[in-house]
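**Student:** Pasting coords10.cif below, which is mmCIF, C-alpha atoms and all ligand atoms.
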data_query
loop_
_atom_site.label_atom_id
_atom_site.label_comp_id
_atom_site.auth_asym_id
_atom_site.auth_seq_id
_atom_site.Cartn_x
_atom_site.Cartn_y
_atom_site.Cartn_z
CA MET A 1 -41.00 9.44 11.95
CA ALA A 2 -40.35 12.97 10.89
CA GLN A 3 -42.18 15.53 8.88
CA LEU A 4 -40.76 16.24 5.45
CA SER A 5 -41.59 19.33 3.46
CA ILE A 6 -40.07 19.29 0.04
CA ILE A 7 -40.61 20.79 -3.40
CA VAL A 8 -40.39 18.23 -6.17
CA ASN A 9 -40.67 19.40 -9.78
CA GLY A 10 -42.21 22.64 -8.61
CA GLN A 11 -44.83 21.08 -6.37
CA ARG A 12 -44.70 21.14 -2.59
CA HIS A 13 -45.21 17.87 -0.74
CA VAL A 14 -45.57 17.42 2.99
CA ASN A 15 -45.32 13.87 4.29
CA GLU A 16 -44.62 11.89 7.42
CA ILE A 17 -41.58 9.80 6.62
CA ALA A 18 -39.47 7.18 8.33
CA ASP A 19 -36.11 8.55 9.46
CA ASN A 20 -34.19 5.93 7.48
CA ILE A 21 -35.96 6.23 4.12
CA LEU A 22 -33.69 7.11 1.22
CA LEU A 23 -34.57 10.01 -1.03
CA VAL A 24 -34.86 7.67 -4.01
CA ASP A 25 -37.40 5.49 -2.23
CA TYR A 26 -39.41 8.52 -1.19
CA ILE A 27 -39.43 9.76 -4.80
CA ARG A 28 -40.36 6.40 -6.29
CA GLU A 29 -42.69 5.00 -3.67
CA THR A 30 -44.29 7.90 -1.89
CA LEU A 31 -44.50 10.24 -4.87
CA ALA A 32 -44.79 7.45 -7.48
CA LEU A 33 -42.26 9.21 -9.70
CA THR A 34 -40.65 6.07 -11.07
CA GLY A 35 -38.52 7.73 -13.73
CA THR A 36 -35.71 7.89 -11.19
CA HIS A 37 -34.17 4.42 -11.23
CA ILE A 38 -32.25 2.22 -8.80
CA GLY A 39 -29.52 0.34 -10.62
CA CYS A 40 -27.34 -0.83 -7.75
CA ASP A 41 -27.20 -1.06 -4.01
CA THR A 42 -23.65 0.20 -3.70
CA SER A 43 -24.02 3.87 -4.73
CA GLN A 44 -21.98 3.36 -7.89
CA CYS A 45 -24.28 3.38 -10.93
CA GLY A 46 -25.86 6.84 -11.02
CA ALA A 47 -29.26 5.65 -12.32
CA CYS A 48 -30.81 7.50 -9.37
CA VAL A 49 -29.33 10.96 -10.03
CA VAL A 50 -31.65 13.91 -9.36
CA HIS A 51 -31.01 17.57 -8.69
CA VAL A 52 -31.24 18.84 -5.11
CA ASN A 53 -31.08 22.62 -4.94
CA GLY A 54 -29.51 22.66 -8.38
CA ILE A 55 -26.73 20.15 -7.80
CA SER A 56 -26.71 16.57 -9.05
CA VAL A 57 -26.77 13.94 -6.33
CA LYS A 58 -27.29 10.21 -6.08
CA SER A 59 -30.71 10.03 -4.51
CA CYS A 60 -29.92 6.53 -3.21
CA THR A 61 -27.14 8.01 -1.11
CA MET A 62 -29.09 10.70 0.66
CA LEU A 63 -31.80 10.32 3.27
CA ALA A 64 -35.10 11.91 2.38
CA ALA A 65 -34.80 13.73 5.70
CA GLN A 66 -31.59 15.40 4.49
CA ALA A 67 -33.57 16.94 1.64
CA ASP A 68 -36.11 18.55 3.98
CA GLY A 69 -36.80 22.07 2.72
CA ALA A 70 -34.99 21.43 -0.57
CA GLU A 71 -36.07 21.85 -4.15
CA VAL A 72 -35.71 18.64 -6.07
CA THR A 73 -35.93 18.07 -9.81
CA THR A 74 -36.35 14.58 -11.22
CA ILE A 75 -36.38 13.39 -14.83
CA GLU A 76 -40.15 13.99 -14.86
CA GLY A 77 -39.60 17.68 -14.16
CA ILE A 78 -37.28 18.78 -16.94
CA SER A 79 -39.49 18.88 -20.02
CA ASP A 80 -41.72 21.81 -20.79
CA GLY A 81 -45.03 20.02 -21.14
CA GLU A 82 -44.81 17.98 -24.33
CA ASN A 83 -41.60 19.71 -25.37
CA LEU A 84 -38.59 17.67 -24.38
CA HIS A 85 -35.60 19.24 -22.66
CA PRO A 86 -32.74 19.76 -25.16
CA MET A 87 -30.79 17.02 -23.38
CA GLN A 88 -33.66 14.56 -23.82
CA GLU A 89 -34.03 15.55 -27.43
CA ALA A 90 -30.32 15.06 -28.03
CA PHE A 91 -30.36 11.59 -26.45
CA HIS A 92 -33.23 10.77 -28.84
CA GLU A 93 -31.51 12.22 -31.90
CA GLN A 94 -28.10 10.70 -31.21
CA HIS A 95 -29.46 7.33 -30.10
CA GLY A 96 -27.94 7.89 -26.69
CA LEU A 97 -29.80 4.99 -25.14
CA GLN A 98 -30.38 1.32 -25.71
CA CYS A 99 -32.39 -0.29 -22.90
CA GLY A 100 -32.83 3.13 -21.31
CA PHE A 101 -32.28 2.06 -17.74
CA CYS A 102 -29.36 4.38 -17.06
CA THR A 103 -30.86 7.22 -19.10
CA PRO A 104 -32.71 9.23 -16.45
CA GLY A 105 -29.56 9.44 -14.35
CA MET A 106 -27.37 10.16 -17.38
CA VAL A 107 -29.67 12.97 -18.47
CA MET A 108 -29.82 14.54 -15.01
CA SER A 109 -26.03 14.36 -14.56
CA ALA A 110 -25.42 15.68 -18.06
CA ILE A 111 -27.76 18.64 -17.58
CA GLU A 112 -25.90 19.79 -14.48
CA LEU A 113 -22.55 19.22 -16.16
CA VAL A 114 -23.51 21.36 -19.14
CA GLU A 115 -25.18 24.04 -17.03
CA LYS A 116 -22.07 24.51 -14.90
CA ASN A 117 -19.33 24.22 -17.53
CA LYS A 118 -18.68 25.99 -20.80
CA ASP A 119 -16.71 24.54 -23.70
CA LEU A 120 -16.73 20.95 -22.56
CA SER A 121 -14.27 18.73 -24.40
CA GLU A 122 -15.10 15.11 -25.10
CA GLN A 123 -12.76 14.18 -22.25
CA ASP A 124 -14.54 16.59 -19.87
CA ILE A 125 -17.85 14.95 -20.72
CA ARG A 126 -16.49 11.46 -20.17
CA GLU A 127 -15.02 12.49 -16.84
CA GLY A 128 -18.14 14.42 -15.89
CA LEU A 129 -20.22 11.29 -16.37
CA GLU A 130 -17.92 9.00 -14.40
CA GLY A 131 -20.62 8.55 -11.80
CA ASN A 132 -23.05 7.11 -14.35
CA ILE A 133 -22.66 3.57 -15.57
CA CYS A 134 -24.39 2.33 -18.72
CA ARG A 135 -24.80 -1.45 -18.65
CA CYS A 136 -25.45 -1.41 -22.39
CA THR A 137 -22.13 0.45 -22.71
CA GLY A 138 -23.46 2.92 -25.25
CA TYR A 139 -21.04 5.60 -24.13
CA HIS A 140 -20.04 6.94 -27.54
CA ASN A 141 -23.56 8.00 -28.41
CA ILE A 142 -24.16 9.31 -24.92
CA VAL A 143 -21.14 11.59 -25.31
CA LYS A 144 -22.40 12.70 -28.74
CA ALA A 145 -25.80 13.44 -27.25
CA VAL A 146 -24.27 15.58 -24.51
CA GLN A 147 -22.18 17.47 -27.08
CA THR A 148 -25.28 18.10 -29.21
CA ALA A 149 -27.30 19.27 -26.23
CA ALA A 150 -24.47 21.46 -24.97
CA SER A 151 -24.33 23.35 -28.24
CA LYS A 152 -28.10 23.97 -28.05
CA MET A 153 -28.24 24.81 -24.35
CA GLN A 154 -25.32 27.22 -24.50
CA ARG A 155 -26.35 28.98 -27.65
CA MET B 1 -30.97 -0.01 6.21
CA TYR B 2 -31.76 -0.69 9.85
CA ALA B 3 -34.15 1.62 11.63
CA THR B 4 -32.47 4.69 13.04
CA ARG B 5 -33.27 8.17 14.27
CA TYR B 6 -32.29 11.27 12.32
CA SER B 7 -31.45 14.50 14.04
CA LYS B 8 -30.45 17.85 12.68
CA PRO B 9 -28.77 19.96 15.36
CA LYS B 10 -28.59 23.71 14.93
CA ASN B 11 -25.17 24.13 16.52
CA ILE B 12 -22.19 22.18 17.83
CA GLU B 13 -23.56 21.99 21.38
CA GLU B 14 -26.78 20.39 20.17
CA GLY B 15 -24.75 18.01 18.06
CA VAL B 16 -22.63 16.97 21.02
CA SER B 17 -25.70 16.45 23.24
CA ALA B 18 -27.33 14.36 20.53
CA LEU B 19 -24.18 12.22 20.46
CA HIS B 20 -24.21 11.89 24.25
CA ALA B 21 -27.89 10.99 24.28
CA ALA B 22 -27.47 8.25 21.68
CA GLU B 23 -26.17 4.80 22.47
CA ASP B 24 -24.27 4.51 19.22
CA GLY B 25 -24.72 7.80 17.41
CA LYS B 26 -22.95 8.61 14.18
CA LEU B 27 -22.15 11.99 12.72
CA LEU B 28 -23.44 12.41 9.18
CA ALA B 29 -21.35 14.71 6.98
CA GLY B 30 -21.70 14.25 3.22
CA GLY B 31 -22.73 10.64 3.74
CA MET B 32 -20.69 9.32 0.82
CA THR B 33 -19.22 6.51 2.92
CA LEU B 34 -21.67 6.30 5.79
CA ILE B 35 -24.87 5.93 3.76
CA PRO B 36 -23.54 3.14 1.51
CA THR B 37 -22.34 1.43 4.71
CA LEU B 38 -25.82 1.73 6.23
CA LYS B 39 -27.45 0.47 3.04
CA GLN B 40 -25.28 -2.64 3.24
CA ARG B 41 -26.29 -3.06 6.89
CA LEU B 42 -22.66 -2.94 7.91
CA ALA B 43 -23.48 -0.49 10.68
CA ALA B 44 -26.53 0.09 12.82
CA PRO B 45 -26.26 3.44 14.60
CA ASP B 46 -29.32 4.32 16.66
CA CYS B 47 -29.00 7.97 15.72
CA LEU B 48 -27.64 9.92 12.75
CA ILE B 49 -26.61 13.46 13.52
CA ASP B 50 -26.59 15.60 10.39
CA LEU B 51 -23.94 18.31 10.52
CA SER B 52 -25.11 20.17 7.44
CA THR B 53 -26.89 22.99 9.20
CA ILE B 54 -24.46 24.05 11.89
CA GLY B 55 -22.44 26.43 9.77
CA LEU B 56 -19.29 24.42 9.18
CA SER B 57 -18.94 25.05 5.51
CA GLY B 58 -16.95 27.70 3.69
CA ILE B 59 -13.46 28.66 2.63
CA SER B 60 -11.50 31.68 3.72
CA GLY B 61 -8.16 32.63 2.31
CA ALA B 62 -6.49 34.31 5.26
CA GLY B 63 -3.22 35.98 4.16
CA ASP B 64 -0.87 33.27 5.30
CA GLY B 65 -2.96 30.20 4.62
CA LEU B 66 -6.34 28.74 3.90
CA ILE B 67 -9.10 27.76 6.27
CA ILE B 68 -11.63 25.26 5.02
CA GLY B 69 -14.76 24.43 7.01
CA ALA B 70 -15.25 20.76 7.76
CA MET B 71 -18.53 20.52 5.82
CA THR B 72 -17.13 22.11 2.67
CA THR B 73 -17.73 19.77 -0.26
CA HIS B 74 -15.05 18.51 -2.62
CA ALA B 75 -16.77 20.39 -5.46
CA GLU B 76 -16.55 23.64 -3.48
CA VAL B 77 -12.84 23.13 -2.78
CA GLU B 78 -12.26 22.24 -6.44
CA ARG B 79 -13.95 25.41 -7.69
CA SER B 80 -12.88 27.88 -5.00
CA ALA B 81 -10.96 30.84 -6.40
CA ASP B 82 -9.01 31.13 -3.12
CA VAL B 83 -7.92 27.50 -3.28
CA GLN B 84 -7.06 27.73 -6.96
CA LYS B 85 -4.91 30.75 -6.26
CA GLN B 86 -3.17 29.77 -3.02
CA LEU B 87 -3.09 26.01 -3.20
CA PRO B 88 -3.98 24.82 -6.70
CA ALA B 89 -2.79 21.28 -5.92
CA LEU B 90 -5.64 20.98 -3.41
CA SER B 91 -8.17 22.03 -6.01
CA VAL B 92 -6.79 19.37 -8.35
CA LEU B 93 -6.92 16.78 -5.59
CA ALA B 94 -10.54 17.61 -4.70
CA GLY B 95 -11.52 17.51 -8.37
CA GLY B 96 -10.18 13.98 -8.67
CA ILE B 97 -12.11 12.43 -5.79
CA GLY B 98 -14.75 9.85 -6.69
CA ASP B 99 -17.17 11.11 -9.32
CA ARG B 100 -19.08 14.33 -9.81
CA GLN B 101 -21.98 13.37 -7.57
CA VAL B 102 -19.63 12.22 -4.81
CA ARG B 103 -17.82 15.56 -5.05
CA ASN B 104 -21.13 17.42 -4.85
CA CYS B 105 -21.93 15.85 -1.47
CA GLY B 106 -18.73 14.51 0.07
CA THR B 107 -16.89 16.78 2.50
CA ILE B 108 -13.31 17.33 3.62
CA GLY B 109 -14.26 16.79 7.27
CA GLY B 110 -16.09 13.57 6.49
CA SER B 111 -13.13 12.30 4.51
CA ILE B 112 -10.56 12.88 7.22
CA ALA B 113 -12.86 11.69 10.02
CA ASN B 114 -13.24 8.40 8.16
CA ASN B 115 -9.52 8.26 7.28
CA ASP B 116 -9.92 5.65 4.59
CA PRO B 117 -6.42 4.34 3.78
CA ALA B 118 -7.05 5.11 0.10
CA ALA B 119 -8.62 8.56 0.51
CA CYS B 120 -6.86 11.54 -1.07
CA TYR B 121 -7.24 14.28 1.57
CA PRO B 122 -5.15 12.62 4.30
CA ALA B 123 -2.09 12.83 2.01
CA ALA B 124 -2.66 16.56 1.50
CA LEU B 125 -3.13 17.31 5.19
CA LEU B 126 -0.03 15.38 6.20
CA ALA B 127 2.22 16.74 3.47
CA LEU B 128 1.05 20.31 4.05
CA ALA B 129 1.36 20.11 7.85
CA ALA B 130 -2.27 21.14 8.17
CA GLN B 131 -4.02 21.69 11.47
CA ILE B 132 -7.35 20.15 12.34
CA THR B 133 -9.58 22.13 14.66
CA THR B 134 -12.39 20.44 16.55
CA ASN B 135 -14.90 21.55 19.15
CA LYS B 136 -12.27 20.65 21.75
CA ARG B 137 -8.78 21.42 20.43
CA THR B 138 -6.44 21.90 17.50
CA LEU B 139 -4.39 18.95 16.30
CA ALA B 140 -1.44 18.74 13.92
CA ALA B 141 -2.01 16.36 11.02
CA ASP B 142 1.02 14.39 12.30
CA ASP B 143 -0.85 13.55 15.51
CA TYR B 144 -4.27 13.20 13.93
CA PHE B 145 -3.96 10.23 11.55
CA THR B 146 -3.28 7.24 13.78
CA GLY B 147 -3.91 4.22 11.58
CA MET B 148 -6.22 2.65 9.03
CA PHE B 149 -9.68 4.20 9.59
CA GLU B 150 -8.29 5.47 12.90
CA THR B 151 -7.86 9.04 14.07
CA ALA B 152 -7.08 10.86 17.30
CA LEU B 153 -10.71 12.07 17.51
CA ALA B 154 -12.61 11.31 20.71
CA GLU B 155 -16.11 9.83 20.49
CA ASP B 156 -17.78 13.19 20.98
CA GLU B 157 -15.35 15.32 19.05
CA ILE B 158 -16.53 17.18 15.95
CA ILE B 159 -14.13 18.58 13.37
CA THR B 160 -14.92 22.22 12.67
CA GLU B 161 -12.21 23.37 10.25
CA ILE B 162 -8.91 22.56 8.64
CA LYS B 163 -6.14 25.11 8.36
CA PHE B 164 -3.51 24.87 5.65
CA PRO B 165 -0.36 26.92 6.23
CA LYS B 166 1.30 29.15 3.69
CA THR B 167 2.58 26.88 0.96
CA HIS B 168 5.55 27.37 -1.33
CA LYS B 169 5.23 24.30 -3.48
CA ALA B 170 2.62 21.57 -3.66
CA SER B 171 1.60 18.85 -6.06
CA TYR B 172 -0.48 15.67 -5.93
CA ALA B 173 -0.45 12.75 -8.32
CA LYS B 174 -2.61 9.70 -7.95
CA PHE B 175 -3.06 6.44 -9.70
CA GLY B 176 -6.79 5.96 -9.21
CA ASN B 177 -8.49 2.63 -8.99
CA PRO B 178 -10.28 2.47 -12.35
CA ALA B 179 -13.61 1.56 -10.75
CA SER B 180 -13.76 3.51 -7.50
CA ARG B 181 -11.30 6.34 -8.18
CA TYR B 182 -9.86 5.79 -4.73
CA ALA B 183 -6.09 6.06 -4.75
CA MET B 184 -4.23 2.82 -5.44
CA VAL B 185 -1.36 5.14 -4.71
CA GLY B 186 -1.44 8.90 -4.24
CA VAL B 187 1.64 11.03 -3.56
CA PHE B 188 1.52 14.57 -2.23
CA ILE B 189 4.77 16.56 -2.26
CA ALA B 190 4.82 19.91 -0.48
CA LYS B 191 7.05 22.63 0.89
CA THR B 192 5.64 24.77 3.65
CA ASP B 193 7.11 26.99 6.36
CA ALA B 194 5.29 24.98 8.98
CA GLY B 195 6.36 21.53 7.85
CA GLY B 196 9.32 21.95 5.54
CA LEU B 197 9.64 19.49 2.67
CA ARG B 198 7.29 16.54 2.97
CA VAL B 199 6.21 13.59 0.88
CA ALA B 200 2.98 11.91 2.02
CA ILE B 201 1.65 8.69 0.55
CA THR B 202 -1.93 7.45 0.57
CA GLY B 203 -3.48 4.26 -0.77
CA ALA B 204 -0.43 2.16 -0.06
CA GLY B 205 0.32 1.94 3.64
CA GLN B 206 -0.95 -0.85 5.89
CA ASP B 207 -1.57 1.79 8.54
CA GLY B 208 -3.04 4.38 6.23
CA VAL B 209 -1.36 7.60 5.15
CA PHE B 210 2.36 7.99 5.94
CA ARG B 211 5.38 10.18 5.20
CA HIS B 212 8.13 8.64 3.13
CA ASN B 213 11.43 9.36 4.86
CA GLY B 214 13.57 8.07 2.02
CA LEU B 215 11.93 10.29 -0.59
CA GLU B 216 11.99 13.30 1.73
CA ALA B 217 15.70 12.89 2.38
CA ALA B 218 16.49 12.37 -1.29
CA LEU B 219 14.46 15.40 -2.39
CA ALA B 220 16.01 17.54 0.34
CA GLN B 221 19.40 16.72 -1.19
CA SER B 222 18.34 17.43 -4.72
CA PHE B 223 14.82 18.40 -5.72
CA ASP B 224 14.59 16.51 -8.99
CA VAL B 225 13.39 13.33 -10.67
CA ALA B 226 16.84 11.75 -10.52
CA ALA B 227 16.69 11.86 -6.73
CA ILE B 228 13.41 9.96 -6.78
CA ASP B 229 14.81 7.45 -9.24
CA ALA B 230 17.77 6.77 -6.98
CA THR B 231 15.57 6.14 -3.91
CA ALA B 232 14.74 2.59 -2.91
CA ILE B 233 11.05 2.06 -2.10
CA GLU B 234 10.61 -0.75 0.43
CA ASP B 235 7.45 -2.79 -0.06
CA SER B 236 7.42 -4.78 3.19
CA GLU B 237 4.98 -2.40 4.94
CA LEU B 238 2.75 -1.76 1.94
CA MET B 239 -0.75 -3.11 1.34
CA SER B 240 -1.38 -6.09 -0.89
CA ASP B 241 -4.97 -6.69 -1.97
CA ILE B 242 -7.07 -7.64 -5.00
CA HIS B 243 -6.31 -4.27 -6.60
CA ALA B 244 -2.52 -4.32 -6.41
CA SER B 245 0.38 -6.20 -4.82
CA ALA B 246 2.74 -4.45 -2.40
CA ASP B 247 5.45 -4.71 -5.01
CA TYR B 248 3.32 -2.94 -7.62
CA ARG B 249 2.34 -0.27 -5.12
CA ALA B 250 6.03 0.37 -4.42
CA HIS B 251 6.51 0.87 -8.13
CA LEU B 252 3.54 3.24 -8.26
CA ILE B 253 4.95 5.28 -5.36
CA LYS B 254 8.03 6.01 -7.41
CA GLU B 255 6.04 6.74 -10.54
CA MET B 256 3.49 8.99 -8.84
CA SER B 257 6.27 10.82 -6.97
CA LYS B 258 7.89 11.63 -10.30
CA ARG B 259 4.60 12.82 -11.78
CA ALA B 260 3.89 14.96 -8.75
CA LEU B 261 7.36 16.49 -8.89
CA GLN B 262 7.14 17.18 -12.61
CA ALA B 263 3.84 19.04 -12.10
CA ILE B 264 4.93 20.93 -9.01
CA GLY B 265 4.37 24.68 -8.90
S1 LIG C 301 -28.95 3.43 -7.53
FE1 LIG C 301 -26.92 3.08 -8.18
S2 LIG C 301 -25.95 4.91 -7.54
FE2 LIG C 301 -27.94 5.21 -6.85
S1 LIG C 302 -28.94 2.23 -22.12
FE1 LIG C 302 -29.04 0.34 -21.10
S2 LIG C 302 -28.00 0.78 -19.27
FE2 LIG C 302 -27.57 2.50 -20.45
#
Take the structure I supplied and represent it as structure tokens, if you would.
Ligand code: FES
Ligand code: FES
**Tutor:**
Amino acid sequence: MAQLSIIVNGQRHVNEIADNILLVDYIRETLALTGTHIGCDTSQCGACVVHVNGISVKSCTMLAAQADGAEVTTIEGISDGENLHPMQEAFHEQHGLQCGFCTPGMVMSAIELVEKNKDLSEQDIREGLEGNICRCTGYHNIVKAVQTAASKMQR
Amino acid sequence: MYATRYSKPKNIEEGVSALHAAEDGKLLAGGMTLIPTLKQRLAAPDCLIDLSTIGLSGISGAGDGLIIGAMTTHAEVERSADVQKQLPALSVLAGGIGDRQVRNCGTIGGSIANNDPAACYPAALLALAAQITTNKRTLAADDYFTGMFETALAEDEIITEIKFPKTHKASYAKFGNPASRYAMVGVFIAKTDAGGLRVAITGAGQDGVFRHNGLEAALAQSFDVAAIDATAIEDSELMSDIHASADYRAHLIKEMSKRALQAIG
């Protein structure tokens, strides 16, 4: 057991955690923030993507203990109250989701991609989202959503 | 994942003592291979020693080469202005590893410590005649990669930095596995003062990364695509698996060598 002190969506949490607990399990089970999904057990699908100190990571491939002292943002932490984040809005407008299972990870990956890169081409977006798999295969609309959001976020 | 202990040493000495104290301790770098392995219960180390806080990350562009700290992530190498200026092929290589989230966490030291036969970095280190510095010594890439998932590292040896010599020409081309982005075949061609002209191949060899003597000799004669075309690529020592036959890999070696040469700067 170790003590974890972490800021998640702006709020500090201090918990005793098992040394082998994954960040995603801590987020979902200890903090009950179930917007972050687990879509695989092989670190390939990206449904679990969150931001740790501003970079996108697969929270199923990091121990919670590794995130000690970090600032984490999950899908629950990106809207401004009732106002959706531009990326969420764009996924809504462009029908960028079908079942929605991959969506939290897609949105978190896409936000970091757009924040760190200007003038993204369609190809850049497709490559930037290589770590996120959509089982419904709705990639065209996902790309459109990211393009729409990028133009709003970078205005 | 099996139960394990997590420790976060503050310096190399603490890391080494943690390794000595453990029965089967494992060093944790970016975790991009180790954590999936633990999740699958394919390993059960009694202690994980996290190297993220002992100051092993960073890039410095010393006049006659580049020094990259072992814990520097692929994303950092990809975006580094020093790397882009002095060794752009390495930035391209780092930017093609795995996916964005893997590049955000995965590290150069972790990659070469694991020495996956399909990893990209081993080809760069071997072709560029890089030097690997550990807490104990400095090794030439030629002596470091000793086989598939095998290196010259001792049990309690920790990589601290990798030094790339002054480079005249360098280029990497890979045919990535469409699912994993690991190299089915990756070819790194380089000219350095330290190593001369070298062609290193990853993804294809039964013993991991290797230099291709035939291609090196041909390119030394004449540094052009025709020389590659005229070189026979033996497939008897190449890997055959569900992704590609040895024969197909031999074909890819030729193809990727041509692409690397055409893009060389
Ligand atoms: S749950 Fe699939 S990559 Fe994390
Ligand atoms: S919307 Fe169903 S998995 Fe992507």
**Student:** When you count only C-alpha atoms, which of these residues is closest to chain A: B:Val102, B:Leu27, B:Leu238, B:Ala154?
**Tutor:**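 Among the listed residues, the smallest separation from chain A belongs to B:Val102.
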**Student:** Could I get the residues of chain B with an atom no further than 12 Å from an atom of ligand LIG 301 (chain C), each paired with its nearest atom pair and that distance in Å to one decimal, using all atoms listed in the file, sorted by chain and residue number, as JSON lines?
**Tutor:**
{"residue": "B:Met32", "atom": "CA", "partner": "C:LIG301", "partner_atom": "S2", "distance": 10.8}
{"residue": "B:Ile35", "atom": "CA", "partner": "C:LIG301", "partner_atom": "FE2", "distance": 11.1}
{"residue": "B:Pro36", "atom": "CA", "partner": "C:LIG301", "partner_atom": "S2", "distance": 9.5}
{"residue": "B:Lys39", "atom": "CA", "partner": "C:LIG301", "partner_atom": "FE2", "distance": 11.0}
{"residue": "B:Asp99", "atom": "CA", "partner": "C:LIG301", "partner_atom": "S2", "distance": 10.9}
{"residue": "B:Arg100", "atom": "CA", "partner": "C:LIG301", "partner_atom": "S2", "distance": 11.9}
{"residue": "B:Gln101", "atom": "CA", "partner": "C:LIG301", "partner_atom": "S2", "distance": 9.3}
{"residue": "B:Val102", "atom": "CA", "partner": "C:LIG301", "partner_atom": "S2", "distance": 10.0}
**Student:** Using the selection just defined, write its residues with C-alpha atoms as a PDB file, in the frame of the given file.
**Tutor:**
ATOM      1  CA  MET B  32     -20.690   9.320   0.820  1.00  0.00           C
ATOM      2  CA  ILE B  35     -24.870   5.930   3.760  1.00  0.00           C
ATOM      3  CA  PRO B  36     -23.540   3.140   1.510  1.00  0.00           C
ATOM      4  CA  LYS B  39     -27.450   0.470   3.040  1.00  0.00           C
ATOM      5  CA  ASP B  99     -17.170  11.110  -9.320  1.00  0.00           C
ATOM      6  CA  ARG B 100     -19.080  14.330  -9.810  1.00  0.00           C
ATOM      7  CA  GLN B 101     -21.980  13.370  -7.570  1.00  0.00           C
ATOM      8  CA  VAL B 102     -19.630  12.220  -4.810  1.00  0.00           C
TER       9      VAL B 102
END
**Student:** Excluding Asp124 in chain A and any residue of its chain fewer than 5 positions from it, enumerate the residues within 10 Å of it, using only C-alpha atoms, and give them as a list of chain:residue names.
**Tutor:**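 So the residues in contact are A:Leu113, A:Asn117, A:Asp119, A:Leu129, A:Glu130, A:Val143.
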**Student:** Next, dump the selected residues to file, keeping only C-alpha atoms, as a PDB file, in the coordinates of the input.
**Tutor:**
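Written file, again_7.pdb:
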ATOM      1  CA  LEU A 113     -22.550  19.220 -16.160  1.00  0.00           C
ATOM      2  CA  ASN A 117     -19.330  24.220 -17.530  1.00  0.00           C
ATOM      3  CA  ASP A 119     -16.710  24.540 -23.700  1.00  0.00           C
ATOM      4  CA  LEU A 129     -20.220  11.290 -16.370  1.00  0.00           C
ATOM      5  CA  GLU A 130     -17.920   9.000 -14.400  1.00  0.00           C
ATOM      6  CA  VAL A 143     -21.140  11.590 -25.310  1.00  0.00           C
TER       7      VAL A 143
END
**Student:** For ligand LIG 302 (chain C), return the neighbouring residues as JSON, numbers by chain (distance at most 12 Å; all atoms listed in the file).
**Tutor:** {"A": [37, 38, 39, 40, 45, 46, 47, 91, 92, 95, 96, 97, 98, 99, 100, 101, 102, 103, 104, 105, 106, 107, 132, 133, 134, 135, 136, 137, 138, 139, 140, 141, 142]}
**Student:** Counting all atoms listed in the file, which residues of chain B come no farther than 12 Å from chain A, as a PyMOL selection string?
**Tutor:** chain B and resi 1-8+28-41+44-53+73+75-76+79+95-106+178-181
**Student:** Record the distance separating CA of Lys85 in chain B and CA of Ala113 in chain B, expressed in Å with one decimal.
**Tutor:** 26.3 Å
**Student:** Select, from B:Ile68, B:Leu87, B:Ile264, B:Cys120, the residue with the minimum atom-to-atom distance to Ile201 in chain B, counting only C-alpha atoms.
**Tutor:** B:Cys120
**Student:** Between B:Gly186, B:Gly196, B:Gly69, B:Gly205, which one has atoms that come closest to Met148 in chain B, using all atoms listed in the file?
**Tutor:**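 When distances to Met148 in chain B are compared using all atoms listed in the file, the smallest one comes from B:Gly205.
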**Student:** How big is the axis-aligned box around the listed atoms of range 116-129 of chain A once 6 Å is added on each side, and where is its centre? Give both in Å to one decimal, as lines of an AutoDock Vina configuration file.
**Tutor:**
center_x = -17.4
center_y = 18.6
center_z = -20.0
size_x = 21.3
size_y = 26.7
size_z = 22.2
**Student:** Near Phe164 in chain B, counting only C-alpha atoms, which residues have an atom at most 12 Å away, once you skip same-chain residues fewer than 3 positions from it, shown as an MDAnalysis selection string?
**Tutor:** chainID B and resid 59:69 83 86:87 90 121 124:133 140:141 161 167:168 170 190:195
**Student:** When distances are computed from only C-alpha atoms, which of A:Pro86, A:Lys116, A:Thr36, A:Ala70 shows the smallest separation from Gln147 in chain A?
**Tutor:**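 When distances to Gln147 in chain A are compared using only C-alpha atoms, the smallest one comes from A:Pro86.
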**Student:** Could you list, as a list in words, every residue within 12 Å of Gly77 in chain A, counting only C-alpha atoms and ignoring same-chain residues fewer than 5 positions away?
**Tutor:**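 These residues fall inside the cut-off: Ile7, Val8, Asn9, Gly10, Gln11, Leu33, Gly35, Thr36, Val50, His51, Glu71, Val72, Glu82, Asn83, Leu84, His85, Gln88, Pro104, Val107 and Met108 of chain A.
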**Student:** Would you kindly return, as a list in words, each protein, DNA or RNA residue with an atom no farther than 10 Å from any atom of Ser5 in chain A, considering only C-alpha atoms and excluding same-chain residues fewer than 6 positions away?
**Tutor:**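 Using only C-alpha atoms, the neighbours found are Arg12, His13, Val14, Asn15, Glu16, Ala64, Ala65, Ala67, Asp68, Gly69, Ala70 and Glu71 of chain A.
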**Student:** Which residues come within 7 Å of Met87 in chain A, counting all atoms listed in the file, excluding same-chain residues fewer than 5 positions away, as a list in words?
**Tutor:**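 These residues fall inside the cut-off: Val107, Ile111, Val146 and Ala149 of chain A.
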**Student:** Using Å and a single decimal, report how far CA of Pro88 in chain B sits from CA of Gly109 in chain B.
**Tutor:**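 About the pair CA of Gly109 in chain B and CA of Pro88 in chain B: they are 19.1 Å apart.
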